[in-house]
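The file protein02.cif comes next; it holds mmCIF, C-alpha atoms, pLDDT in the B column; chains and numbers go by the auth columns.
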```
data_model
loop_
_atom_site.group_PDB
_atom_site.id
_atom_site.type_symbol
_atom_site.label_atom_id
_atom_site.label_comp_id
_atom_site.label_asym_id
_atom_site.label_seq_id
_atom_site.Cartn_x
_atom_site.Cartn_y
_atom_site.Cartn_z
_atom_site.B_iso_or_equiv
_atom_site.auth_seq_id
_atom_site.auth_asym_id
ATOM 1 C CA MET A 1 -29.805 -12.793 -0.233 55.00 269 B
ATOM 2 C CA LYS A 2 -33.264 -11.241 0.260 51.00 270 B
ATOM 3 C CA LYS A 3 -32.024 -9.132 3.170 60.00 271 B
ATOM 4 C CA PHE A 4 -29.042 -8.021 1.111 57.00 272 B
ATOM 5 C CA LEU A 5 -31.253 -6.895 -1.773 49.00 273 B
ATOM 6 C CA ILE A 6 -33.527 -4.959 0.576 56.00 274 B
ATOM 7 C CA SER A 7 -30.515 -3.241 2.144 62.00 275 B
ATOM 8 C CA PHE A 8 -29.056 -2.475 -1.278 57.00 276 B
ATOM 9 C CA LEU A 9 -32.319 -0.919 -2.486 50.00 277 B
ATOM 10 C CA ALA A 10 -32.525 1.140 0.699 59.00 278 B
ATOM 11 C CA ILE A 11 -29.066 2.565 0.063 57.00 279 B
ATOM 12 C CA ILE A 12 -29.911 3.306 -3.565 52.00 280 B
ATOM 13 C CA CYS A 13 -32.994 5.213 -2.385 53.00 281 B
ATOM 14 C CA LEU A 14 -30.827 7.160 0.012 54.00 282 B
ATOM 15 C CA TYR A 15 -28.479 8.053 -2.842 51.00 283 B
ATOM 16 C CA SER A 16 -31.367 9.230 -5.000 46.00 284 B
ATOM 17 C CA PHE A 17 -32.182 11.893 -2.399 49.00 285 B
ATOM 18 C CA ALA A 18 -28.590 12.940 -1.883 46.00 286 B
ATOM 19 C CA SER A 19 -27.529 16.311 -3.198 51.00 287 B
ATOM 20 C CA ALA A 20 -24.817 16.907 -5.810 53.00 288 B
ATOM 21 C CA GLN A 21 -21.246 15.911 -4.937 58.00 289 B
ATOM 22 C CA ARG A 22 -22.415 13.720 -2.071 82.00 290 B
ATOM 23 C CA ILE A 23 -22.052 10.460 -3.985 92.00 291 B
ATOM 24 C CA GLU A 24 -18.815 8.759 -4.955 94.00 292 B
ATOM 25 C CA ILE A 25 -18.490 5.656 -7.110 96.00 293 B
ATOM 26 C CA PHE A 26 -15.134 3.921 -6.886 97.00 294 B
ATOM 27 C CA GLY A 27 -13.364 1.035 -8.536 96.00 295 B
ATOM 28 C CA GLY A 28 -9.909 -0.314 -7.934 96.00 296 B
ATOM 29 C CA TYR A 29 -7.592 -3.253 -7.471 95.00 297 B
ATOM 30 C CA SER A 30 -7.235 -4.893 -4.072 94.00 298 B
ATOM 31 C CA TYR A 31 -3.959 -6.584 -3.199 94.00 299 B
ATOM 32 C CA GLY A 32 -3.033 -8.515 -0.063 90.00 300 B
ATOM 33 C CA SER A 33 -2.794 -11.945 1.518 82.00 301 B
ATOM 34 C CA LEU A 34 -6.363 -11.855 2.886 86.00 302 B
ATOM 35 C CA VAL A 35 -8.060 -10.927 -0.413 87.00 303 B
ATOM 36 C CA GLY A 36 -8.551 -14.462 -1.724 79.00 304 B
ATOM 37 C CA LYS A 37 -8.057 -16.518 1.422 79.00 305 B
ATOM 38 C CA LEU A 38 -10.185 -19.679 1.519 76.00 306 B
ATOM 39 C CA PRO A 39 -11.457 -21.610 4.531 77.00 307 B
ATOM 40 C CA GLY A 40 -8.658 -23.885 5.686 72.00 308 B
ATOM 41 C CA LEU A 41 -8.328 -27.241 3.939 77.00 309 B
ATOM 42 C CA THR A 42 -6.676 -30.241 5.585 81.00 310 B
ATOM 43 C CA ALA A 43 -5.331 -32.895 3.216 83.00 311 B
ATOM 44 C CA PRO A 44 -7.640 -35.928 2.925 89.00 312 B
ATOM 45 C CA PHE A 45 -6.803 -39.558 3.627 90.00 313 B
ATOM 46 C CA ASP A 46 -7.217 -41.984 0.709 90.00 314 B
ATOM 47 C CA ASN A 47 -8.762 -45.156 2.117 91.00 315 B
ATOM 48 C CA ALA A 48 -8.286 -47.005 -1.194 87.00 316 B
ATOM 49 C CA VAL A 49 -4.483 -46.854 -1.069 85.00 317 B
ATOM 50 C CA ASN A 50 -4.180 -46.218 2.696 88.00 318 B
ATOM 51 C CA ALA A 51 -2.212 -42.992 2.263 87.00 319 B
ATOM 52 C CA ASP A 52 -2.454 -39.322 3.176 87.00 320 B
ATOM 53 C CA MET A 53 -2.392 -36.672 0.483 88.00 321 B
ATOM 54 C CA ILE A 54 -0.335 -33.486 0.738 87.00 322 B
ATOM 55 C CA VAL A 55 -2.046 -30.136 0.235 85.00 323 B
ATOM 56 C CA GLU A 56 -0.547 -26.879 -1.031 78.00 324 B
ATOM 57 C CA ASN A 57 -2.207 -23.474 -0.957 71.00 325 B
ATOM 58 C CA GLN A 58 -2.433 -21.073 -3.889 68.00 326 B
ATOM 59 C CA ASP A 59 -4.788 -18.377 -2.629 72.00 327 B
ATOM 60 C CA GLN A 60 -5.348 -15.501 -5.034 76.00 328 B
ATOM 61 C CA THR A 61 -3.858 -12.274 -3.674 84.00 329 B
ATOM 62 C CA GLY A 62 -5.613 -9.704 -5.872 88.00 330 B
ATOM 63 C CA ALA A 63 -9.148 -8.864 -6.966 91.00 331 B
ATOM 64 C CA LEU A 64 -11.375 -6.123 -8.349 94.00 332 B
ATOM 65 C CA THR A 65 -13.240 -3.951 -5.839 96.00 333 B
ATOM 66 C CA LEU A 66 -16.230 -1.756 -6.733 96.00 334 B
ATOM 67 C CA GLY A 67 -18.276 0.419 -4.417 96.00 335 B
ATOM 68 C CA VAL A 68 -20.395 3.468 -3.792 96.00 336 B
ATOM 69 C CA ASN A 69 -20.507 5.872 -0.850 96.00 337 B
ATOM 70 C CA ALA A 70 -22.977 8.614 0.058 94.00 338 B
ATOM 71 C CA ARG A 71 -22.132 11.473 2.412 92.00 339 B
ATOM 72 C CA ILE A 72 -24.872 11.651 5.042 90.00 340 B
ATOM 73 C CA LEU A 73 -23.549 14.090 7.636 87.00 341 B
ATOM 74 C CA GLY A 74 -20.575 16.420 7.484 86.00 342 B
ATOM 75 C CA ASN A 75 -17.511 14.317 6.684 91.00 343 B
ATOM 76 C CA LEU A 76 -19.251 11.016 7.356 94.00 344 B
ATOM 77 C CA SER A 77 -20.295 8.660 4.516 95.00 345 B
ATOM 78 C CA ILE A 78 -21.862 5.224 4.310 95.00 346 B
ATOM 79 C CA GLY A 79 -21.879 2.816 1.405 95.00 347 B
ATOM 80 C CA LEU A 80 -21.678 -0.621 -0.104 96.00 348 B
ATOM 81 C CA SER A 81 -18.774 -2.441 -1.761 96.00 349 B
ATOM 82 C CA TRP A 82 -18.100 -5.703 -3.607 96.00 350 B
ATOM 83 C CA THR A 83 -14.829 -7.575 -3.989 94.00 351 B
ATOM 84 C CA GLY A 84 -14.431 -10.588 -6.265 86.00 352 B
ATOM 85 C CA ILE A 85 -14.604 -12.901 -7.901 77.00 353 B
ATOM 86 C CA THR A 86 -11.464 -14.377 -6.304 74.00 354 B
ATOM 87 C CA ASN A 87 -10.393 -17.828 -7.427 79.00 355 B
ATOM 88 C CA SER A 88 -8.146 -20.004 -5.295 78.00 356 B
ATOM 89 C CA THR A 89 -6.698 -23.463 -5.817 83.00 357 B
ATOM 90 C CA TYR A 90 -5.509 -26.221 -3.493 85.00 358 B
ATOM 91 C CA PRO A 91 -3.158 -28.627 -5.335 89.00 359 B
ATOM 92 C CA LEU A 92 -3.178 -32.147 -3.824 88.00 360 B
ATOM 93 C CA HIS A 93 -0.701 -34.955 -4.429 88.00 361 B
ATOM 94 C CA TYR A 94 0.676 -38.117 -2.887 88.00 362 B
ATOM 95 C CA ARG A 95 4.104 -38.128 -1.304 84.00 363 B
ATOM 96 C CA GLY A 96 6.725 -38.812 -3.950 79.00 364 B
ATOM 97 C CA SER A 97 4.292 -38.201 -6.819 82.00 365 B
ATOM 98 C CA ASP A 98 4.409 -35.333 -9.301 82.00 366 B
ATOM 99 C CA THR A 99 0.791 -35.905 -10.434 86.00 367 B
ATOM 100 C CA TYR A 100 -1.608 -33.339 -9.011 89.00 368 B
ATOM 101 C CA ASP A 101 -5.331 -33.173 -8.329 90.00 369 B
ATOM 102 C CA TYR A 102 -7.017 -29.878 -7.472 90.00 370 B
ATOM 103 C CA VAL A 103 -9.709 -28.390 -5.284 89.00 371 B
ATOM 104 C CA LYS A 104 -10.799 -25.016 -6.723 88.00 372 B
ATOM 105 C CA GLN A 105 -13.151 -22.520 -5.119 86.00 373 B
ATOM 106 C CA SER A 106 -14.220 -18.937 -5.795 87.00 374 B
ATOM 107 C CA SER A 107 -15.634 -16.237 -3.541 89.00 375 B
ATOM 108 C CA ASN A 108 -17.542 -12.964 -3.625 92.00 376 B
ATOM 109 C CA THR A 109 -17.429 -10.428 -0.820 94.00 377 B
ATOM 110 C CA ILE A 110 -20.120 -7.866 0.012 96.00 378 B
ATOM 111 C CA MET A 111 -19.539 -5.223 2.692 97.00 379 B
ATOM 112 C CA PHE A 112 -21.269 -2.225 4.189 97.00 380 B
ATOM 113 C CA ASN A 113 -18.824 0.671 4.617 96.00 381 B
ATOM 114 C CA ILE A 114 -18.400 3.719 6.772 96.00 382 B
ATOM 115 C CA LYS A 115 -15.955 6.429 5.745 97.00 383 B
ATOM 116 C CA TYR A 116 -14.744 9.506 7.595 96.00 384 B
ATOM 117 C CA GLU A 117 -12.822 12.307 5.891 95.00 385 B
ATOM 118 C CA TRP A 118 -10.558 13.906 8.467 93.00 386 B
ATOM 119 C CA LEU A 119 -8.378 16.295 6.457 93.00 387 B
ATOM 120 C CA LYS A 120 -8.806 18.358 3.304 90.00 388 B
ATOM 121 C CA PHE A 121 -5.927 20.280 1.772 88.00 389 B
ATOM 122 C CA TRP A 122 -6.022 21.794 -1.709 86.00 390 B
ATOM 123 C CA LYS A 123 -7.092 18.901 -3.986 89.00 391 B
ATOM 124 C CA LEU A 124 -6.041 16.228 -1.513 93.00 392 B
ATOM 125 C CA ARG A 125 -8.251 14.513 1.046 94.00 393 B
ATOM 126 C CA LEU A 126 -7.247 12.106 3.794 97.00 394 B
ATOM 127 C CA TYR A 127 -9.758 9.676 5.233 97.00 395 B
ATOM 128 C CA SER A 128 -10.311 6.356 6.968 97.00 396 B
ATOM 129 C CA ARG A 129 -12.747 3.632 5.973 97.00 397 B
ATOM 130 C CA ALA A 130 -14.054 0.477 7.644 97.00 398 B
ATOM 131 C CA GLY A 131 -16.358 -2.264 6.404 97.00 399 B
ATOM 132 C CA ILE A 132 -18.209 -5.327 7.643 97.00 400 B
ATOM 133 C CA GLY A 133 -20.103 -7.939 5.654 96.00 401 B
ATOM 134 C CA GLY A 134 -19.901 -11.466 4.317 95.00 402 B
ATOM 135 C CA ILE A 135 -17.833 -13.719 2.060 93.00 403 B
ATOM 136 C CA PHE A 136 -19.777 -16.161 -0.102 93.00 404 B
ATOM 137 C CA PHE A 137 -17.748 -19.211 -1.134 91.00 405 B
ATOM 138 C CA SER A 138 -18.906 -21.267 -4.110 90.00 406 B
ATOM 139 C CA ASP A 139 -19.246 -25.034 -4.325 90.00 407 B
ATOM 140 C CA PRO A 140 -15.716 -26.388 -4.847 89.00 408 B
ATOM 141 C CA LYS A 141 -14.647 -28.009 -8.096 91.00 409 B
ATOM 142 C CA PHE A 142 -12.608 -31.200 -7.919 90.00 410 B
ATOM 143 C CA GLU A 143 -10.257 -31.667 -10.866 91.00 411 B
ATOM 144 C CA GLY A 144 -7.486 -34.065 -11.820 87.00 412 B
ATOM 145 C CA ASN A 145 -6.882 -37.660 -12.843 84.00 413 B
ATOM 146 C CA TRP A 146 -8.128 -39.417 -9.709 85.00 414 B
ATOM 147 C CA LEU A 147 -9.915 -37.179 -7.205 86.00 415 B
ATOM 148 C CA PRO A 148 -13.088 -36.203 -9.165 87.00 416 B
ATOM 149 C CA ASP A 149 -14.188 -39.800 -9.833 87.00 417 B
ATOM 150 C CA HIS A 150 -13.260 -41.316 -6.472 86.00 418 B
ATOM 151 C CA LEU A 151 -14.425 -38.809 -3.862 87.00 419 B
ATOM 152 C CA ASP A 152 -16.027 -41.580 -1.794 88.00 420 B
ATOM 153 C CA ASN A 153 -12.581 -43.042 -1.156 88.00 421 B
ATOM 154 C CA TYR A 154 -11.453 -40.019 0.848 90.00 422 B
ATOM 155 C CA THR A 155 -11.820 -39.061 4.478 90.00 423 B
ATOM 156 C CA TRP A 156 -11.602 -35.290 5.082 88.00 424 B
ATOM 157 C CA PRO A 157 -10.393 -34.503 8.651 85.00 425 B
ATOM 158 C CA ASP A 158 -12.216 -31.147 8.714 81.00 426 B
ATOM 159 C CA GLY A 159 -15.128 -32.265 6.549 82.00 427 B
ATOM 160 C CA LYS A 160 -15.435 -32.341 2.781 84.00 428 B
ATOM 161 C CA PRO A 161 -15.052 -28.850 1.197 85.00 429 B
ATOM 162 C CA GLU A 162 -18.383 -27.200 0.398 87.00 430 B
ATOM 163 C CA SER A 163 -19.999 -23.821 -0.230 90.00 431 B
ATOM 164 C CA CYS A 164 -20.154 -21.654 2.876 90.00 432 B
ATOM 165 C CA LYS A 165 -20.301 -18.116 4.245 92.00 433 B
ATOM 166 C CA ARG A 166 -17.866 -16.251 6.447 92.00 434 B
ATOM 167 C CA VAL A 167 -17.692 -12.816 8.058 95.00 435 B
ATOM 168 C CA ALA A 168 -15.728 -10.236 6.057 95.00 436 B
ATOM 169 C CA TRP A 169 -14.141 -7.066 7.373 96.00 437 B
ATOM 170 C CA GLN A 170 -11.894 -4.257 6.225 97.00 438 B
ATOM 171 C CA ALA A 171 -10.014 -1.572 8.143 97.00 439 B
ATOM 172 C CA SER A 172 -8.407 0.984 5.815 96.00 440 B
ATOM 173 C CA LEU A 173 -6.663 3.187 8.346 94.00 441 B
ATOM 174 C CA VAL A 174 -5.300 5.716 5.872 96.00 442 B
ATOM 175 C CA GLY A 175 -6.858 6.685 2.555 97.00 443 B
ATOM 176 C CA VAL A 176 -5.566 9.365 0.174 97.00 444 B
ATOM 177 C CA GLU A 177 -7.783 10.927 -2.477 96.00 445 B
ATOM 178 C CA PHE A 178 -6.605 13.320 -5.184 96.00 446 B
ATOM 179 C CA ARG A 179 -9.186 15.196 -7.275 93.00 447 B
ATOM 180 C CA PRO A 180 -7.527 17.052 -10.157 91.00 448 B
ATOM 181 C CA VAL A 181 -10.988 17.939 -11.480 89.00 449 B
ATOM 182 C CA LYS A 182 -14.352 18.283 -9.769 85.00 450 B
ATOM 183 C CA TRP A 183 -15.893 15.027 -10.955 90.00 451 B
ATOM 184 C CA VAL A 184 -12.970 12.590 -11.118 95.00 452 B
ATOM 185 C CA GLY A 185 -10.227 11.531 -8.751 95.00 453 B
ATOM 186 C CA VAL A 186 -7.741 8.799 -7.939 97.00 454 B
ATOM 187 C CA PHE A 187 -7.271 7.151 -4.568 97.00 455 B
ATOM 188 C CA ALA A 188 -5.181 4.704 -2.574 98.00 456 B
ATOM 189 C CA GLU A 189 -5.912 3.054 0.764 97.00 457 B
ATOM 190 C CA GLY A 190 -3.665 1.161 3.157 96.00 458 B
ATOM 191 C CA GLY A 191 -5.072 -1.214 5.715 95.00 459 B
ATOM 192 C CA LEU A 192 -5.943 -4.796 6.495 94.00 460 B
ATOM 193 C CA GLY A 193 -8.789 -7.123 5.611 94.00 461 B
ATOM 194 C CA ARG A 194 -10.668 -8.769 2.765 93.00 462 B
ATOM 195 C CA GLN A 195 -10.225 -5.762 0.454 94.00 463 B
ATOM 196 C CA GLY A 196 -6.483 -5.882 0.792 92.00 464 B
ATOM 197 C CA ALA A 197 -3.494 -4.251 2.389 95.00 465 B
ATOM 198 C CA LEU A 198 -3.543 -1.904 -0.607 96.00 466 B
ATOM 199 C CA LEU A 199 -6.552 -0.727 -2.596 96.00 467 B
ATOM 200 C CA ALA A 200 -6.028 1.802 -5.382 97.00 468 B
ATOM 201 C CA GLY A 201 -8.075 3.043 -8.303 97.00 469 B
ATOM 202 C CA LEU A 202 -10.442 5.670 -9.682 97.00 470 B
ATOM 203 C CA LYS A 203 -13.388 7.619 -8.230 96.00 471 B
ATOM 204 C CA VAL A 204 -16.248 9.436 -9.886 95.00 472 B
ATOM 205 C CA PHE A 205 -18.214 12.086 -7.937 92.00 473 B
ATOM 206 C CA LEU A 206 -21.873 12.857 -8.568 87.00 474 B
#
```
Reformat the file's structure so that it appears as structure tokens.
Amino acid sequence: MKKFLISFLAIICLYSFASAQRIEIFGGYSYGSLVGKLPGLTAPFDNAVNADMIVENQDQTGALTLGVNARILGNLSIGLSWTGITNSTYPLHYRGSDTYDYVKQSSNTIMFNIKYEWLKFWKLRLYSRAGIGGIFFSDPKFEGNWLPDHLDNYTWPDGKPESCKRVAWQASLVGVEFRPVKWVGVFAEGGLGRQGALLAGLKVFL
């Protein structure tokens, strides 16, 4: 976290020296199967009743994304973005039972971005953007009628769920930006990664 804060402050300092219209602040909605994906969970074995549980996946597929970019050279910009909080749920049940227990976990994603604007026409701009960073998964919550109070009865094949970190990435191959006025615009990006197959929203230019 300390390294992240230092990097964030460094970028803010860079922005403070940037000239007018070099900074863009954007916010939008990310949608796609990778947006809220959790680390894989294998159903546990209940030693008390000598039975396996069945797990289902309900990953969240949408989340809010906020970010800022600063143009540093020509059409090249760098920046920082955040996606989250995403909340995902794993329902667990025994075979033949309609009573469910749940493992719930949330995540935040922080990424450093690089953006390249490769075409400008009238009030339209086309660009590509890529990002790399980390996903921070929270401690899981165990809910239901049986699971929360009897965790010691279970054997988890891949280890008991816990907070963790994973690498995050985004490759937005095509981005479209429309600026009807000098200071405000709308945008949409298509790609693959933690910020979705589709990211669309609003931009403000400073």
Might you spell out which residues the PyMOL selection byres ((chain B and resi 305-310) around 10) would select in the displayed file, as a PyMOL selection string?
chain B and resi 300-304+311-313+321-329+354-358+371-375+403+405+424-430+432-434+462
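Of the residues under consideration (B:Val336, B:Ile400, B:Ile378, B:Tyr368), B:Val336 shows the shortest atom-to-atom contact distance to Leu474 of chain B when counting all atoms listed in the file.
With all atoms listed in the file as the atoms that count, the residue of B:Ala319, B:Leu460, B:Leu467, B:Leu332 with the shortest distance to Arg363 of chain B is B:Ala319.
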Let me have the centre and edge lengths of the axis-aligned box enclosing all listed atoms of segment 411-426 of chain B with 3 Å padding on every side, in Å to one decimal, as lines of an AutoDock Vina configuration file.
```
center_x = -11.5
center_y = -37.1
center_z = -2.1
size_x = 15.1
size_y = 17.9
size_z = 27.6
```
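Here the question is which of B:Asn318, B:Ser298, B:Ser431, B:Asn337 gets nearest to Val472 of chain B using all atoms listed in the file, and that residue is B:Asn337.
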What separation in Å, quoted to one decimal, exists between atom CA of Leu334 of chain B and atom CA of Phe446 of chain B?
18.0 Å
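This file gives the following result for the PyMOL selection byres ((chain B and resi 411-419) around 7): Tyr368, Asp369, Tyr370, Val371, Lys409, Phe410, Asp420, Asn421 and Tyr422 of chain B.
Here atom CA of Thr351 of chain B is placed at a distance of 14.3 Å from atom CA of Ser406 of chain B.
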Protein and nucleic acid residues near (-17.4, -8.7, 3.8) (cut-off 6 Å, only C-alpha atoms) as a VMD selection string:
chain B and resid 377 to 379 400 to 403 435 to 437
Would you write out those residues with C-alpha atoms, as a PDB file, keeping the file's coordinate frame?
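Ended up saving to again.pdb:
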```pdb
ATOM      1  CA  THR B 377     -17.429 -10.428  -0.820  1.00 94.00           C
ATOM      2  CA  ILE B 378     -20.120  -7.866   0.012  1.00 96.00           C
ATOM      3  CA  MET B 379     -19.539  -5.223   2.692  1.00 97.00           C
ATOM      4  CA  ILE B 400     -18.209  -5.327   7.643  1.00 97.00           C
ATOM      5  CA  GLY B 401     -20.103  -7.939   5.654  1.00 96.00           C
ATOM      6  CA  GLY B 402     -19.901 -11.466   4.317  1.00 95.00           C
ATOM      7  CA  ILE B 403     -17.833 -13.719   2.060  1.00 93.00           C
ATOM      8  CA  VAL B 435     -17.692 -12.816   8.058  1.00 95.00           C
ATOM      9  CA  ALA B 436     -15.728 -10.236   6.057  1.00 95.00           C
ATOM     10  CA  TRP B 437     -14.141  -7.066   7.373  1.00 96.00           C
TER      11      TRP B 437
END
```
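Candidate residues B:Gly399, B:Asp314, B:Tyr384, B:Leu392 were compared for distance to Gly459 of chain B, and the nearest is B:Gly399, using all atoms listed in the file.
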note - atom CA of Gly330 of chain B and atom CA of Phe473 of chain B are separated by 25.3 Å
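Between Gly453 of chain B and the candidates B:Leu470, B:Ile346, B:Ile353, B:Ile340, the tightest atom-to-atom separation, counting all atoms listed in the file, involves B:Leu470.
The smallest atom-to-atom distance between Ile382 of chain B and any of B:Gln463, B:Ser396, B:Asn315, B:Thr367, using all atoms listed in the file, is found for B:Ser396.
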When you look at Val454 of chain B with a cut-off of 8 Å (counting all atoms listed in the file), what residues show up, excluding the ones that are within fewer than 5 positions of it in the same chain? I need them as an MDAnalysis selection string.
chainID B and resid 445:447 468:471
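On the file presented, the PyMOL selection byres ((chain B and resi 342) around 12) picks out Arg290, Ala338, Arg339, Ile340, Leu341, Asn343, Leu344, Ser345, Ile346, Lys383, Tyr384, Glu385 and Trp386 of chain B.
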Incomplete segment 333-341 of chain B filled out to all heavy atoms as a CSV table (one decimal), in the frame of the given file:
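Contents of out32.csv, as written:
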```
chain,number,residue,atom,x,y,z
B,333,THR,N,-12.3,-4.5,-6.8
B,333,THR,CA,-13.2,-4.0,-5.8
B,333,THR,C,-14.0,-2.8,-6.4
B,333,THR,O,-13.4,-1.9,-7.0
B,333,THR,CB,-12.5,-3.5,-4.6
B,333,THR,OG1,-11.9,-4.6,-3.9
B,333,THR,CG2,-13.5,-2.8,-3.6
B,334,LEU,N,-15.3,-2.8,-6.3
B,334,LEU,CA,-16.2,-1.8,-6.7
B,334,LEU,C,-17.1,-1.3,-5.6
B,334,LEU,O,-17.4,-2.1,-4.7
B,334,LEU,CB,-17.1,-2.2,-7.9
B,334,LEU,CG,-16.5,-2.7,-9.1
B,334,LEU,CD1,-17.5,-3.3,-10.1
B,334,LEU,CD2,-15.7,-1.6,-9.8
B,335,GLY,N,-17.4,0.0,-5.5
B,335,GLY,CA,-18.3,0.4,-4.4
B,335,GLY,C,-18.9,1.8,-4.7
B,335,GLY,O,-18.6,2.5,-5.6
B,336,VAL,N,-19.8,2.2,-3.7
B,336,VAL,CA,-20.4,3.5,-3.8
B,336,VAL,C,-20.6,4.0,-2.4
B,336,VAL,O,-20.9,3.2,-1.5
B,336,VAL,CB,-21.8,3.4,-4.5
B,336,VAL,CG1,-22.7,2.4,-3.9
B,336,VAL,CG2,-22.4,4.8,-4.7
B,337,ASN,N,-20.3,5.2,-2.2
B,337,ASN,CA,-20.5,5.9,-0.8
B,337,ASN,C,-21.4,7.1,-1.0
B,337,ASN,O,-21.3,7.8,-2.0
B,337,ASN,CB,-19.2,6.3,-0.2
B,337,ASN,CG,-18.3,5.1,0.2
B,337,ASN,OD1,-18.8,4.1,0.7
B,337,ASN,ND2,-17.0,5.2,0.0
B,338,ALA,N,-22.2,7.4,0.0
B,338,ALA,CA,-23.0,8.6,0.1
B,338,ALA,C,-22.7,9.4,1.4
B,338,ALA,O,-22.8,8.8,2.4
B,338,ALA,CB,-24.5,8.3,0.0
B,339,ARG,N,-22.4,10.6,1.2
B,339,ARG,CA,-22.1,11.5,2.4
B,339,ARG,C,-23.5,11.8,3.1
B,339,ARG,O,-24.4,12.3,2.4
B,339,ARG,CB,-21.4,12.8,2.0
B,339,ARG,CG,-21.0,13.6,3.2
B,339,ARG,CD,-19.8,14.5,2.8
B,339,ARG,NE,-20.0,15.2,1.5
B,339,ARG,CZ,-20.5,16.3,1.3
B,339,ARG,NH1,-21.0,17.0,2.3
B,339,ARG,NH2,-20.6,16.8,0.1
B,340,ILE,N,-23.6,11.5,4.4
B,340,ILE,CA,-24.9,11.7,5.0
B,340,ILE,C,-24.8,12.8,6.1
B,340,ILE,O,-25.9,13.4,6.4
B,340,ILE,CB,-25.3,10.3,5.7
B,340,ILE,CG1,-24.3,9.8,6.7
B,340,ILE,CG2,-25.6,9.3,4.7
B,340,ILE,CD1,-24.7,8.7,7.5
B,341,LEU,N,-23.6,13.1,6.6
B,341,LEU,CA,-23.5,14.1,7.6
B,341,LEU,C,-22.1,14.6,7.7
B,341,LEU,O,-21.2,13.8,8.1
B,341,LEU,CB,-24.0,13.5,9.0
B,341,LEU,CG,-24.0,14.5,10.2
B,341,LEU,CD1,-25.0,15.6,10.0
B,341,LEU,CD2,-24.3,13.7,11.5
```
